[in-house]
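Undergrad: This is run_16.pdb, which holds PDB, C-alpha atoms:
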```pdb
ATOM      1  CA  MET A  17     -39.745  -7.585 151.051
ATOM      2  CA  LYS A  18     -36.455  -9.290 151.867
ATOM      3  CA  ILE A  19     -33.858  -8.865 149.118
ATOM      4  CA  ILE A  20     -31.007 -11.357 148.784
ATOM      5  CA  GLU A  21     -28.176  -9.622 146.993
ATOM      6  CA  LYS A  22     -26.106 -12.644 146.061
ATOM      7  CA  ASP A  23     -23.045 -10.933 144.636
ATOM      8  CA  LYS A  24     -22.941  -8.325 147.387
ATOM      9  CA  ASN A  25     -23.183 -11.020 150.073
ATOM     10  CA  LYS A  26     -20.422 -13.036 148.444
ATOM     11  CA  ASP A  27     -18.117 -10.020 148.313
ATOM     12  CA  GLU A  28     -18.850  -9.169 151.934
ATOM     13  CA  ILE A  29     -18.212 -12.707 153.196
ATOM     14  CA  ILE A  30     -14.933 -12.884 151.295
ATOM     15  CA  ARG A  31     -13.915  -9.487 152.682
ATOM     16  CA  LEU A  32     -14.671 -10.556 156.256
ATOM     17  CA  LEU A  33     -12.810 -13.854 155.903
ATOM     18  CA  LYS A  34      -9.766 -12.084 154.474
ATOM     19  CA  ALA A  35      -9.940  -9.567 157.334
ATOM     20  CA  THR A  36      -9.045 -12.364 159.769
ATOM     21  CA  GLU A  37      -5.617 -12.517 158.088
ATOM     22  CA  ARG A  38      -5.478 -16.206 158.957
ATOM     23  CA  GLU A  39      -3.154 -18.525 157.089
ATOM     24  CA  TYR A  40      -4.784 -20.459 154.231
ATOM     25  CA  ILE A  41      -7.982 -18.409 154.353
ATOM     26  CA  GLU A  42      -7.674 -17.945 150.585
ATOM     27  CA  ASP A  43      -7.910 -21.730 150.188
ATOM     28  CA  VAL A  44     -11.103 -21.715 152.252
ATOM     29  CA  ILE A  45     -12.599 -19.020 150.020
ATOM     30  CA  ASP A  46     -11.694 -21.002 146.890
ATOM     31  CA  GLU A  47     -13.354 -24.121 148.320
ATOM     32  CA  LEU A  48     -16.506 -22.209 149.237
ATOM     33  CA  CYS A  49     -16.777 -21.006 145.647
ATOM     34  CA  GLU A  50     -16.221 -24.494 144.230
ATOM     35  CA  ASN A  51     -18.607 -26.233 146.650
ATOM     36  CA  GLY A  52     -21.592 -24.038 145.810
ATOM     37  CA  PHE A  53     -21.691 -22.282 149.182
ATOM     38  CA  PHE A  54     -22.778 -18.961 147.685
ATOM     39  CA  GLU A  55     -25.606 -20.503 145.617
ATOM     40  CA  ALA A  56     -27.076 -22.942 148.167
ATOM     41  CA  PRO A  57     -30.252 -22.269 150.180
ATOM     42  CA  ALA A  58     -30.171 -22.212 153.979
ATOM     43  CA  SER A  59     -32.920 -24.866 154.233
ATOM     44  CA  THR A  60     -35.542 -26.708 152.185
ATOM     45  CA  LYS A  61     -38.680 -25.228 153.749
ATOM     46  CA  PHE A  62     -37.737 -23.080 156.718
ATOM     47  CA  HIS A  63     -35.504 -20.005 156.824
ATOM     48  CA  LEU A  64     -34.117 -18.572 153.571
ATOM     49  CA  ASN A  65     -35.001 -21.612 151.454
ATOM     50  CA  VAL A  66     -33.970 -19.839 148.255
ATOM     51  CA  GLU A  67     -30.866 -19.626 146.105
ATOM     52  CA  GLY A  68     -28.206 -17.665 147.970
ATOM     53  CA  GLY A  69     -29.967 -18.235 151.284
ATOM     54  CA  LEU A  70     -27.020 -20.016 152.920
ATOM     55  CA  ALA A  71     -24.652 -17.107 152.324
ATOM     56  CA  GLN A  72     -27.297 -14.641 153.535
ATOM     57  CA  HIS A  73     -27.873 -16.700 156.684
ATOM     58  CA  SER A  74     -24.140 -17.021 157.365
ATOM     59  CA  LEU A  75     -23.726 -13.276 157.001
ATOM     60  CA  ASN A  76     -26.709 -12.652 159.293
ATOM     61  CA  VAL A  77     -25.224 -14.948 161.942
ATOM     62  CA  CYS A  78     -21.877 -13.188 161.589
ATOM     63  CA  ARG A  79     -23.403  -9.735 162.065
ATOM     64  CA  MET A  80     -25.395 -10.980 165.030
ATOM     65  CA  GLY A  81     -22.268 -12.544 166.508
ATOM     66  CA  GLN A  82     -20.280  -9.344 166.069
ATOM     67  CA  MET A  83     -23.029  -7.356 167.770
ATOM     68  CA  LEU A  84     -23.201  -9.775 170.696
ATOM     69  CA  ARG A  85     -19.428  -9.707 171.102
ATOM     70  CA  ARG A  86     -19.339  -5.900 171.172
ATOM     71  CA  GLN A  87     -22.032  -5.775 173.825
ATOM     72  CA  LEU A  88     -20.453  -8.504 175.939
ATOM     73  CA  VAL A  89     -17.018  -6.890 175.808
ATOM     74  CA  GLU A  90     -18.550  -3.533 176.716
ATOM     75  CA  MET A  91     -20.190  -5.127 179.757
ATOM     76  CA  ASN A  92     -17.099  -7.143 180.683
ATOM     77  CA  PRO A  93     -13.794  -6.062 179.054
ATOM     78  CA  GLU A  94     -12.133  -9.261 180.279
ATOM     79  CA  LEU A  95     -14.029 -11.086 177.512
ATOM     80  CA  THR A  96     -11.989  -9.317 174.818
ATOM     81  CA  ASP A  97      -9.412 -12.106 174.659
ATOM     82  CA  VAL A  98     -11.906 -14.840 175.538
ATOM     83  CA  LEU A  99     -13.926 -14.021 172.404
ATOM     84  CA  PRO A 100     -11.312 -13.127 169.743
ATOM     85  CA  GLU A 101     -12.808 -11.147 166.895
ATOM     86  CA  ASP A 102     -11.287 -13.393 164.228
ATOM     87  CA  SER A 103     -12.716 -16.496 165.912
ATOM     88  CA  VAL A 104     -16.181 -14.948 165.962
ATOM     89  CA  LEU A 105     -15.880 -14.259 162.218
ATOM     90  CA  ILE A 106     -14.604 -17.747 161.396
ATOM     91  CA  ALA A 107     -17.112 -19.650 163.549
ATOM     92  CA  THR A 108     -20.176 -17.679 162.467
ATOM     93  CA  LEU A 109     -19.410 -17.456 158.759
ATOM     94  CA  LEU A 110     -18.382 -21.111 158.420
ATOM     95  CA  HIS A 111     -20.702 -22.865 160.878
ATOM     96  CA  ASP A 112     -22.987 -24.162 158.103
ATOM     97  CA  VAL A 113     -20.559 -25.055 155.297
ATOM     98  CA  CYS A 114     -21.932 -28.587 155.722
ATOM     99  CA  LYS A 115     -24.966 -27.398 153.743
ATOM    100  CA  SER A 116     -22.966 -26.440 150.652
ATOM    101  CA  ASP A 117     -23.597 -29.729 148.830
ATOM    102  CA  ILE A 118     -26.755 -31.256 150.276
ATOM    103  CA  TYR A 119     -29.535 -29.297 148.558
ATOM    104  CA  LYS A 120     -30.728 -30.233 145.071
ATOM    105  CA  LYS A 121     -33.281 -28.308 143.012
ATOM    106  CA  CYS A 122     -36.614 -30.011 142.403
ATOM    107  CA  LEU A 123     -40.263 -29.314 141.624
ATOM    108  CA  LYS A 124     -42.756 -29.224 144.479
ATOM    109  CA  LYS A 125     -46.527 -28.936 144.668
ATOM    110  CA  ARG A 126     -48.095 -25.904 146.314
ATOM    111  CA  LYS A 127     -51.578 -24.398 146.388
ATOM    112  CA  ASN A 128     -51.849 -20.982 144.793
ATOM    113  CA  SER A 129     -54.109 -18.115 145.928
ATOM    114  CA  PHE A 130     -57.051 -19.805 144.135
ATOM    115  CA  GLY A 131     -56.570 -23.061 146.052
ATOM    116  CA  GLN A 132     -55.222 -24.877 142.990
ATOM    117  CA  TRP A 133     -52.124 -27.057 143.067
ATOM    118  CA  GLU A 134     -49.217 -25.846 140.963
ATOM    119  CA  ASP A 135     -45.590 -26.771 140.395
ATOM    120  CA  VAL A 136     -43.019 -24.513 142.037
ATOM    121  CA  GLU A 137     -39.254 -24.730 142.176
ATOM    122  CA  GLY A 138     -37.847 -25.838 145.504
ATOM    123  CA  TYR A 139     -35.140 -27.932 147.126
ATOM    124  CA  GLU A 140     -34.779 -31.425 148.510
ATOM    125  CA  VAL A 141     -32.004 -32.868 150.669
ATOM    126  CA  ASP A 142     -29.467 -35.312 149.255
ATOM    127  CA  TYR A 143     -26.828 -36.528 151.720
ATOM    128  CA  LYS A 144     -25.151 -39.064 149.456
ATOM    129  CA  ASP A 145     -21.971 -37.074 148.771
ATOM    130  CA  PHE A 146     -20.765 -36.944 152.392
ATOM    131  CA  PRO A 147     -23.323 -38.214 154.963
ATOM    132  CA  LEU A 148     -21.679 -37.136 158.191
ATOM    133  CA  GLY A 149     -24.080 -35.086 160.267
ATOM    134  CA  HIS A 150     -24.147 -31.330 160.695
ATOM    135  CA  GLY A 151     -21.700 -29.449 162.929
ATOM    136  CA  GLU A 152     -19.114 -32.207 162.798
ATOM    137  CA  LYS A 153     -19.320 -32.247 159.006
ATOM    138  CA  SER A 154     -18.660 -28.495 158.854
ATOM    139  CA  VAL A 155     -15.574 -28.923 161.050
ATOM    140  CA  ILE A 156     -14.199 -31.761 158.943
ATOM    141  CA  MET A 157     -14.838 -29.921 155.683
ATOM    142  CA  ILE A 158     -13.001 -26.831 156.928
ATOM    143  CA  LEU A 159     -10.042 -28.856 158.212
ATOM    144  CA  ARG A 160      -9.858 -30.679 154.878
ATOM    145  CA  MET A 161      -9.506 -27.296 153.209
ATOM    146  CA  GLY A 162      -6.156 -27.035 154.969
ATOM    147  CA  PHE A 163      -7.363 -24.405 157.418
ATOM    148  CA  ASN A 164      -6.221 -24.573 161.044
ATOM    149  CA  LEU A 165      -9.207 -24.051 163.329
ATOM    150  CA  THR A 166      -8.590 -23.330 166.999
ATOM    151  CA  ASP A 167     -10.034 -25.714 169.581
ATOM    152  CA  GLU A 168     -12.620 -23.078 170.504
ATOM    153  CA  GLU A 169     -13.675 -22.619 166.873
ATOM    154  CA  ILE A 170     -13.998 -26.383 166.454
ATOM    155  CA  MET A 171     -16.215 -26.651 169.525
ATOM    156  CA  ALA A 172     -18.341 -23.644 168.549
ATOM    157  CA  ILE A 173     -18.975 -24.965 165.038
ATOM    158  CA  ARG A 174     -19.475 -28.566 166.162
ATOM    159  CA  TRP A 175     -22.036 -27.658 168.817
ATOM    160  CA  HIS A 176     -23.819 -24.719 167.183
ATOM    161  CA  MET A 177     -27.023 -26.788 166.902
ATOM    162  CA  ASN A 178     -27.019 -27.396 170.706
ATOM    163  CA  ALA A 179     -29.889 -29.674 171.771
ATOM    164  CA  TRP A 180     -31.240 -29.834 168.209
ATOM    165  CA  ASP A 181     -28.287 -32.031 167.285
ATOM    166  CA  LEU A 182     -29.698 -35.366 166.090
ATOM    167  CA  PRO A 183     -27.594 -37.674 168.326
ATOM    168  CA  PHE A 184     -28.162 -35.520 171.419
ATOM    169  CA  GLN A 185     -29.957 -38.349 173.220
ATOM    170  CA  SER A 186     -26.595 -40.080 173.715
ATOM    171  CA  PRO A 187     -25.187 -39.538 177.238
ATOM    172  CA  ASP A 188     -21.674 -39.261 175.789
ATOM    173  CA  ILE A 189     -22.760 -36.622 173.273
ATOM    174  CA  LYS A 190     -24.613 -34.679 175.940
ATOM    175  CA  GLY A 191     -21.623 -34.868 178.284
ATOM    176  CA  ASN A 192     -19.244 -33.555 175.637
ATOM    177  CA  TYR A 193     -21.670 -30.779 174.766
ATOM    178  CA  ASN A 194     -22.037 -29.681 178.384
ATOM    179  CA  LYS A 195     -18.270 -29.616 178.870
ATOM    180  CA  ALA A 196     -17.803 -27.609 175.658
ATOM    181  CA  LYS A 197     -20.337 -25.037 176.846
ATOM    182  CA  GLU A 198     -18.520 -24.843 180.190
ATOM    183  CA  ILE A 199     -15.030 -24.208 178.804
ATOM    184  CA  CYS A 200     -15.834 -22.413 175.537
ATOM    185  CA  PRO A 201     -17.866 -19.169 175.675
ATOM    186  CA  LEU A 202     -17.661 -18.992 171.876
ATOM    187  CA  CYS A 203     -20.090 -21.935 171.779
ATOM    188  CA  SER A 204     -22.827 -19.928 173.476
ATOM    189  CA  LEU A 205     -22.196 -16.869 171.336
ATOM    190  CA  VAL A 206     -22.474 -18.794 168.039
ATOM    191  CA  GLN A 207     -25.562 -20.671 169.234
ATOM    192  CA  CYS A 208     -27.293 -17.435 170.221
ATOM    193  CA  ALA A 209     -26.327 -15.683 166.991
ATOM    194  CA  ASP A 210     -27.551 -18.625 164.897
ATOM    195  CA  ASN A 211     -30.878 -18.894 166.741
ATOM    196  CA  LEU A 212     -31.569 -15.162 166.637
ATOM    197  CA  ALA A 213     -30.765 -14.954 162.943
ATOM    198  CA  ALA A 214     -32.773 -18.017 161.871
ATOM    199  CA  ASN A 215     -35.786 -17.679 164.161
ATOM    200  CA  ILE A 216     -36.266 -13.909 164.325
ATOM    201  CA  LEU A 217     -34.257 -11.993 161.720
ATOM    202  CA  GLU A 218     -35.068 -14.405 158.880
ATOM    203  CA  ARG A 219     -38.627 -15.224 159.873
ATOM    204  CA  GLU A 220     -40.863 -14.538 156.873
ATOM    205  CA  ASP A 221     -42.976 -16.170 154.209
ATOM    206  CA  GLU A 222     -41.028 -17.991 151.518
ATOM    207  CA  ASP A 223     -42.774 -15.891 148.856
ATOM    208  CA  ASP A 224     -41.485 -12.709 150.470
ATOM    209  CA  VAL A 225     -37.895 -13.072 149.257
ATOM    210  CA  LEU A 226     -36.431 -11.424 146.186
ATOM    211  CA  ILE A 227     -33.075 -12.622 144.806
ATOM    212  CA  ARG A 228     -30.872 -10.038 143.173
ATOM    213  CA  SER A 229     -27.587 -10.685 141.358
ATOM    214  CA  PHE A 230     -25.512  -7.864 139.944
TER     215      PHE A 230
END
```
Is it possible to give me this structure as structure tokens?

TA:
Amino acid sequence: MKIIEKDKNKDEIIRLLKATEREYIEDVIDELCENGFFEAPASTKFHLNVEGGLAQHSLNVCRMGQMLRRQLVEMNPELTDVLPEDSVLIATLLHDVCKSDIYKKCLKKRKNSFGQWEDVEGYEVDYKDFPLGHGEKSVIMILRMGFNLTDEEIMAIRWHMNAWDLPFQSPDIKGNYNKAKEICPLCSLVQCADNLAANILEREDEDDVLIRSF
């Protein structure tokens, strides 16, 4: 059974963000707390669609990103400066802050083990507060917190959805994405870490998650 330890995850994310020693990171942490980042789910019906799921997912992506960076640097030491450790932390932990305010609790219908419909608590999406897409919304939210993202961090967060980005059919969007992948290795690292975390590490039945706060 997967256990989401909400308070432990929150403490760990705050510790990792502070470890970057970046200017105004305390303001980012305050905004995450105010925006509901640590209470939000990671999705409505897919991976970690439970309270605290977004923080758990962000931490999973961060750990995956750190592991990938270590292995890449070991294979090619020249990547040490190409993939700065603080940028990996920032881009992985904050790639999905756009989800902080879009999920609202609701009741949903689901069949129980006897084949009968019953009401269960779930989430629905509400974009009305700031309807501005996904990766680009995360970038704008972080910049509005007063935090100075590097160009590489902006590209990695903006394009972390890769071809799953909704406007990807646009030639201009696709061209910008391809150029970002070409000049910014951090893009590929964050994409891989996000996909591995969501599609493999977090793959489980929604009933197989236990939330723990202490």

Undergrad: Do you know which residues are at most 9 Å from region 95-98 of chain A counting all atoms listed in the file, after dropping those on the same chain fewer than 3 positions away, and could you put them as a count of residues only?

TA: 11

Undergrad: Pick the closest to Glu47 (chain A) from A:Lys61, A:Lys115, A:His176, A:Arg160: which is it, counting all atoms listed in the file?

TA: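 Ranking A:Lys61, A:Lys115, A:His176, A:Arg160 by distance to Glu47 (chain A), first place goes to A:Arg160.
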
Undergrad: Counting all atoms listed in the file, figure out which residue out of A:Ile170, A:Leu123, A:Leu70, A:Ile199 gets nearest to Met157 (chain A).

TA: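 Of A:Ile170, A:Leu123, A:Leu70, A:Ile199, the one nearest Met157 (chain A), counting all atoms listed in the file, is A:Ile170.
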
Undergrad: Name the residues that the PyMOL selection byres ((chain A and resi 57) around 7) picks from the file above, as a PyMOL selection string, using the file's chain letters and numbers.

TA: chain A and resi 55-56+58-59+64-70

Undergrad: Can you spit out the residues from that selection as an mmCIF file, in the coordinates of the input, using C-alpha atoms?

TA:
```cif
data_model
loop_
_atom_site.group_PDB
_atom_site.id
_atom_site.type_symbol
_atom_site.label_atom_id
_atom_site.label_comp_id
_atom_site.auth_asym_id
_atom_site.auth_seq_id
_atom_site.Cartn_x
_atom_site.Cartn_y
_atom_site.Cartn_z
ATOM 1 C CA GLU A 55 -25.606 -20.503 145.617
ATOM 2 C CA ALA A 56 -27.076 -22.942 148.167
ATOM 3 C CA ALA A 58 -30.171 -22.212 153.979
ATOM 4 C CA SER A 59 -32.920 -24.866 154.233
ATOM 5 C CA LEU A 64 -34.117 -18.572 153.571
ATOM 6 C CA ASN A 65 -35.001 -21.612 151.454
ATOM 7 C CA VAL A 66 -33.970 -19.839 148.255
ATOM 8 C CA GLU A 67 -30.866 -19.626 146.105
ATOM 9 C CA GLY A 68 -28.206 -17.665 147.970
ATOM 10 C CA GLY A 69 -29.967 -18.235 151.284
ATOM 11 C CA LEU A 70 -27.020 -20.016 152.920
#
```

Undergrad: Show me a table, sorted first by chain and then by increasing residue number, of the residues of region 82-132 of chain A having an atom at most 12 Å from region 30-41 of chain A, each with its shortest atom pair and the distance in Å to one decimal, counting all atoms listed in the file and written as CSV.

TA:
```
residue,atom,partner,partner_atom,distance
A:Gln82,CA,A:Leu32,CA,11.4
A:Pro100,CA,A:Thr36,CA,10.3
A:Glu101,CA,A:Thr36,CA,8.1
A:Asp102,CA,A:Thr36,CA,5.1
A:Ser103,CA,A:Thr36,CA,8.3
A:Val104,CA,A:Thr36,CA,9.8
A:Leu105,CA,A:Leu33,CA,7.0
A:Ile106,CA,A:Leu33,CA,7.0
A:Ala107,CA,A:Leu33,CA,10.5
A:Thr108,CA,A:Leu33,CA,10.6
A:Leu109,CA,A:Leu33,CA,8.0
A:Leu110,CA,A:Leu33,CA,9.5
```

Undergrad: Out of A:His73, A:Glu152, A:Pro93, A:Glu137, which residue has the shortest atom-to-atom distance to Ile189 (chain A) when counting all atoms listed in the file?

TA: A:Glu152

Undergrad: What separation in Å, quoted to one decimal, exists between CA of Ile118 (chain A) and CA of Asp145 (chain A)?

TA: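 For CA of Ile118 (chain A) relative to CA of Asp145 (chain A), the distance reads 7.7 Å.
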
Undergrad: Can you tell me which residues surround Lys22 (chain A) at a distance of at most 6 Å, considering all atoms listed in the file, apart from same-chain residues fewer than 2 positions away, and format the answer as a list in words?

TA: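 Skipping anything fewer than 2 positions along the chain leaves Ile20, Lys24, Asn25, Gly68 and Ser229 of chain A.
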
Undergrad: Which residue out of A:Ala196, A:Val155, A:Leu212, A:Ala71 has the minimum interatomic distance to Ile173 (chain A) when all atoms listed in the file are used?

TA: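 Nearest candidate to Ile173 (chain A) out of A:Ala196, A:Val155, A:Leu212, A:Ala71: A:Val155.
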
Undergrad: Can you work out the spacing between CA of Arg79 (chain A) and CA of His63 (chain A) in Å, to one decimal?

TA: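 Going from CA of Arg79 (chain A) over to CA of His63 (chain A) covers 16.7 Å.
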
Undergrad: Please evaluate the PyMOL selection byres ((chain A and resi 194) around 12) against the displayed coordinates and give the resulting residues as an NGL selection string.

TA: :A and (171 or 175 or 178-179 or 184 or 187-193 or 195-201 or 203-204)

Undergrad: Mind giving me the straight-line distance from CA of Ala209 (chain A) to CA of Cys78 (chain A) in Å, one decimal?

TA: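 Interatomic distance, CA of Ala209 (chain A) to CA of Cys78 (chain A): 7.4 Å.
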
Undergrad: Carefully work through the PyMOL selection byres ((chain A and resi 154) around 7) for this structure and note down the residues it includes, as a ChimeraX atom specification.

TA: /A:111-114,150-153,155-158

Undergrad: When distances are computed from only C-alpha atoms, which of A:Leu99, A:Leu217, A:Asp167, A:Ala172 shows the smallest separation from Leu84 (chain A)?

TA: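 Result for the nearest residue to Leu84 (chain A): A:Leu99.
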
Undergrad: Can you tell me which residues surround Asn51 (chain A) at a distance of at most 7 Å, considering all atoms listed in the file, apart from same-chain residues fewer than 2 positions away, and format the answer as a PDB file with C-alpha atoms, in the frame of the given file?

TA:
```pdb
ATOM      1  CA  GLU A  47     -13.354 -24.121 148.320  1.00  0.00           C
ATOM      2  CA  LEU A  48     -16.506 -22.209 149.237  1.00  0.00           C
ATOM      3  CA  CYS A  49     -16.777 -21.006 145.647  1.00  0.00           C
ATOM      4  CA  PHE A  53     -21.691 -22.282 149.182  1.00  0.00           C
ATOM      5  CA  SER A 116     -22.966 -26.440 150.652  1.00  0.00           C
ATOM      6  CA  ASP A 117     -23.597 -29.729 148.830  1.00  0.00           C
TER       7      ASP A 117
END
```

Undergrad: Find, counting only C-alpha atoms, the residue in A:Glu169, A:Glu21, A:Asp43, A:Asp142 that gets nearest to Thr60 (chain A).

TA: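 That would be A:Asp142, the residue with the smallest distance to Thr60 (chain A).
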
Undergrad: Put region 52-139 of chain A into a file with C-alpha atoms, as a compact mmCIF listing (two decimals), in the first residue's frame.

TA:
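Saved the output as decode.txt:
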```
# COMPACT_ATOMS: atom_id res chain seq x y z
CA GLY A 52 -2.70 24.86 -1.47
CA PHE A 53 0.22 23.14 -3.18
CA PHE A 54 0.75 20.69 -0.32
CA GLU A 55 -2.94 19.69 -0.12
CA ALA A 56 -3.77 19.38 -3.84
CA PRO A 57 -3.99 16.06 -5.71
CA ALA A 58 -1.74 15.35 -8.69
CA SER A 59 -4.73 14.59 -10.97
CA THR A 60 -8.47 13.92 -10.92
CA LYS A 61 -8.45 10.26 -11.96
CA PHE A 62 -4.93 9.23 -12.92
CA HIS A 63 -1.78 9.27 -10.79
CA LEU A 64 -2.00 10.21 -7.10
CA ASN A 65 -5.53 11.63 -7.33
CA VAL A 66 -5.72 12.08 -3.56
CA GLU A 67 -5.08 14.88 -1.09
CA GLY A 68 -1.35 15.54 -0.92
CA GLY A 69 -0.78 13.80 -4.24
CA LEU A 70 0.73 16.85 -5.96
CA ALA A 71 3.46 17.23 -3.34
CA GLN A 72 4.16 13.48 -3.45
CA HIS A 73 4.40 13.56 -7.24
CA SER A 74 6.68 16.61 -7.21
CA LEU A 75 8.95 14.90 -4.70
CA ASN A 76 8.97 11.71 -6.78
CA VAL A 77 9.94 13.67 -9.90
CA CYS A 78 12.67 15.44 -7.93
CA ARG A 79 14.15 12.18 -6.66
CA MET A 80 13.99 10.70 -10.14
CA GLY A 81 15.65 13.80 -11.56
CA GLN A 82 18.43 13.68 -8.99
CA MET A 83 19.05 10.02 -9.77
CA LEU A 84 19.18 10.68 -13.52
CA ARG A 85 21.56 13.59 -13.03
CA ARG A 86 23.94 11.50 -10.90
CA GLN A 87 24.02 8.75 -13.50
CA LEU A 88 24.48 11.14 -16.41
CA VAL A 89 27.29 13.02 -14.68
CA GLU A 90 28.97 9.72 -13.81
CA MET A 91 28.83 8.70 -17.48
CA ASN A 92 29.88 12.14 -18.73
CA PRO A 93 31.45 14.50 -16.14
CA GLU A 94 31.16 17.40 -18.60
CA LEU A 95 27.42 17.45 -17.82
CA THR A 96 28.09 18.61 -14.25
CA ASP A 97 27.76 22.29 -15.18
CA VAL A 98 25.23 21.65 -17.94
CA LEU A 99 22.80 20.18 -15.39
CA PRO A 100 23.28 22.30 -12.23
CA GLU A 101 22.00 20.54 -9.14
CA ASP A 102 19.98 23.54 -7.98
CA SER A 103 18.28 23.81 -11.38
CA VAL A 104 17.30 20.15 -11.25
CA LEU A 105 15.74 20.74 -7.81
CA ILE A 106 13.89 23.89 -8.88
CA ALA A 107 12.58 22.52 -12.19
CA THR A 108 11.43 19.16 -10.83
CA LEU A 109 9.87 20.38 -7.60
CA LEU A 110 8.06 23.33 -9.19
CA HIS A 111 7.11 21.97 -12.62
CA ASP A 112 3.47 21.41 -11.62
CA VAL A 113 2.69 24.41 -9.39
CA CYS A 114 0.04 25.21 -12.02
CA LYS A 115 -2.07 22.49 -10.39
CA SER A 116 -2.15 24.17 -6.97
CA ASP A 117 -5.51 25.87 -7.52
CA ILE A 118 -7.37 23.91 -10.18
CA TYR A 119 -8.73 20.91 -8.27
CA LYS A 120 -11.96 21.16 -6.27
CA LYS A 121 -13.41 18.43 -4.05
CA CYS A 122 -16.64 16.83 -5.22
CA LEU A 123 -18.71 13.66 -4.95
CA LYS A 124 -18.42 11.05 -7.68
CA LYS A 125 -20.25 7.82 -8.44
CA ARG A 126 -18.37 4.53 -8.35
CA LYS A 127 -19.38 0.88 -8.26
CA ASN A 128 -18.39 -0.95 -5.11
CA SER A 129 -17.29 -4.60 -4.84
CA PHE A 130 -20.97 -5.66 -4.98
CA GLY A 131 -21.56 -3.82 -8.26
CA GLN A 132 -23.64 -1.12 -6.57
CA TRP A 133 -23.17 2.58 -7.24
CA GLU A 134 -22.02 4.65 -4.28
CA ASP A 135 -20.87 8.19 -3.61
CA VAL A 136 -17.14 8.66 -3.11
CA GLU A 137 -15.08 11.78 -2.58
CA GLY A 138 -13.06 12.88 -5.57
CA TYR A 139 -11.87 15.92 -7.50
```
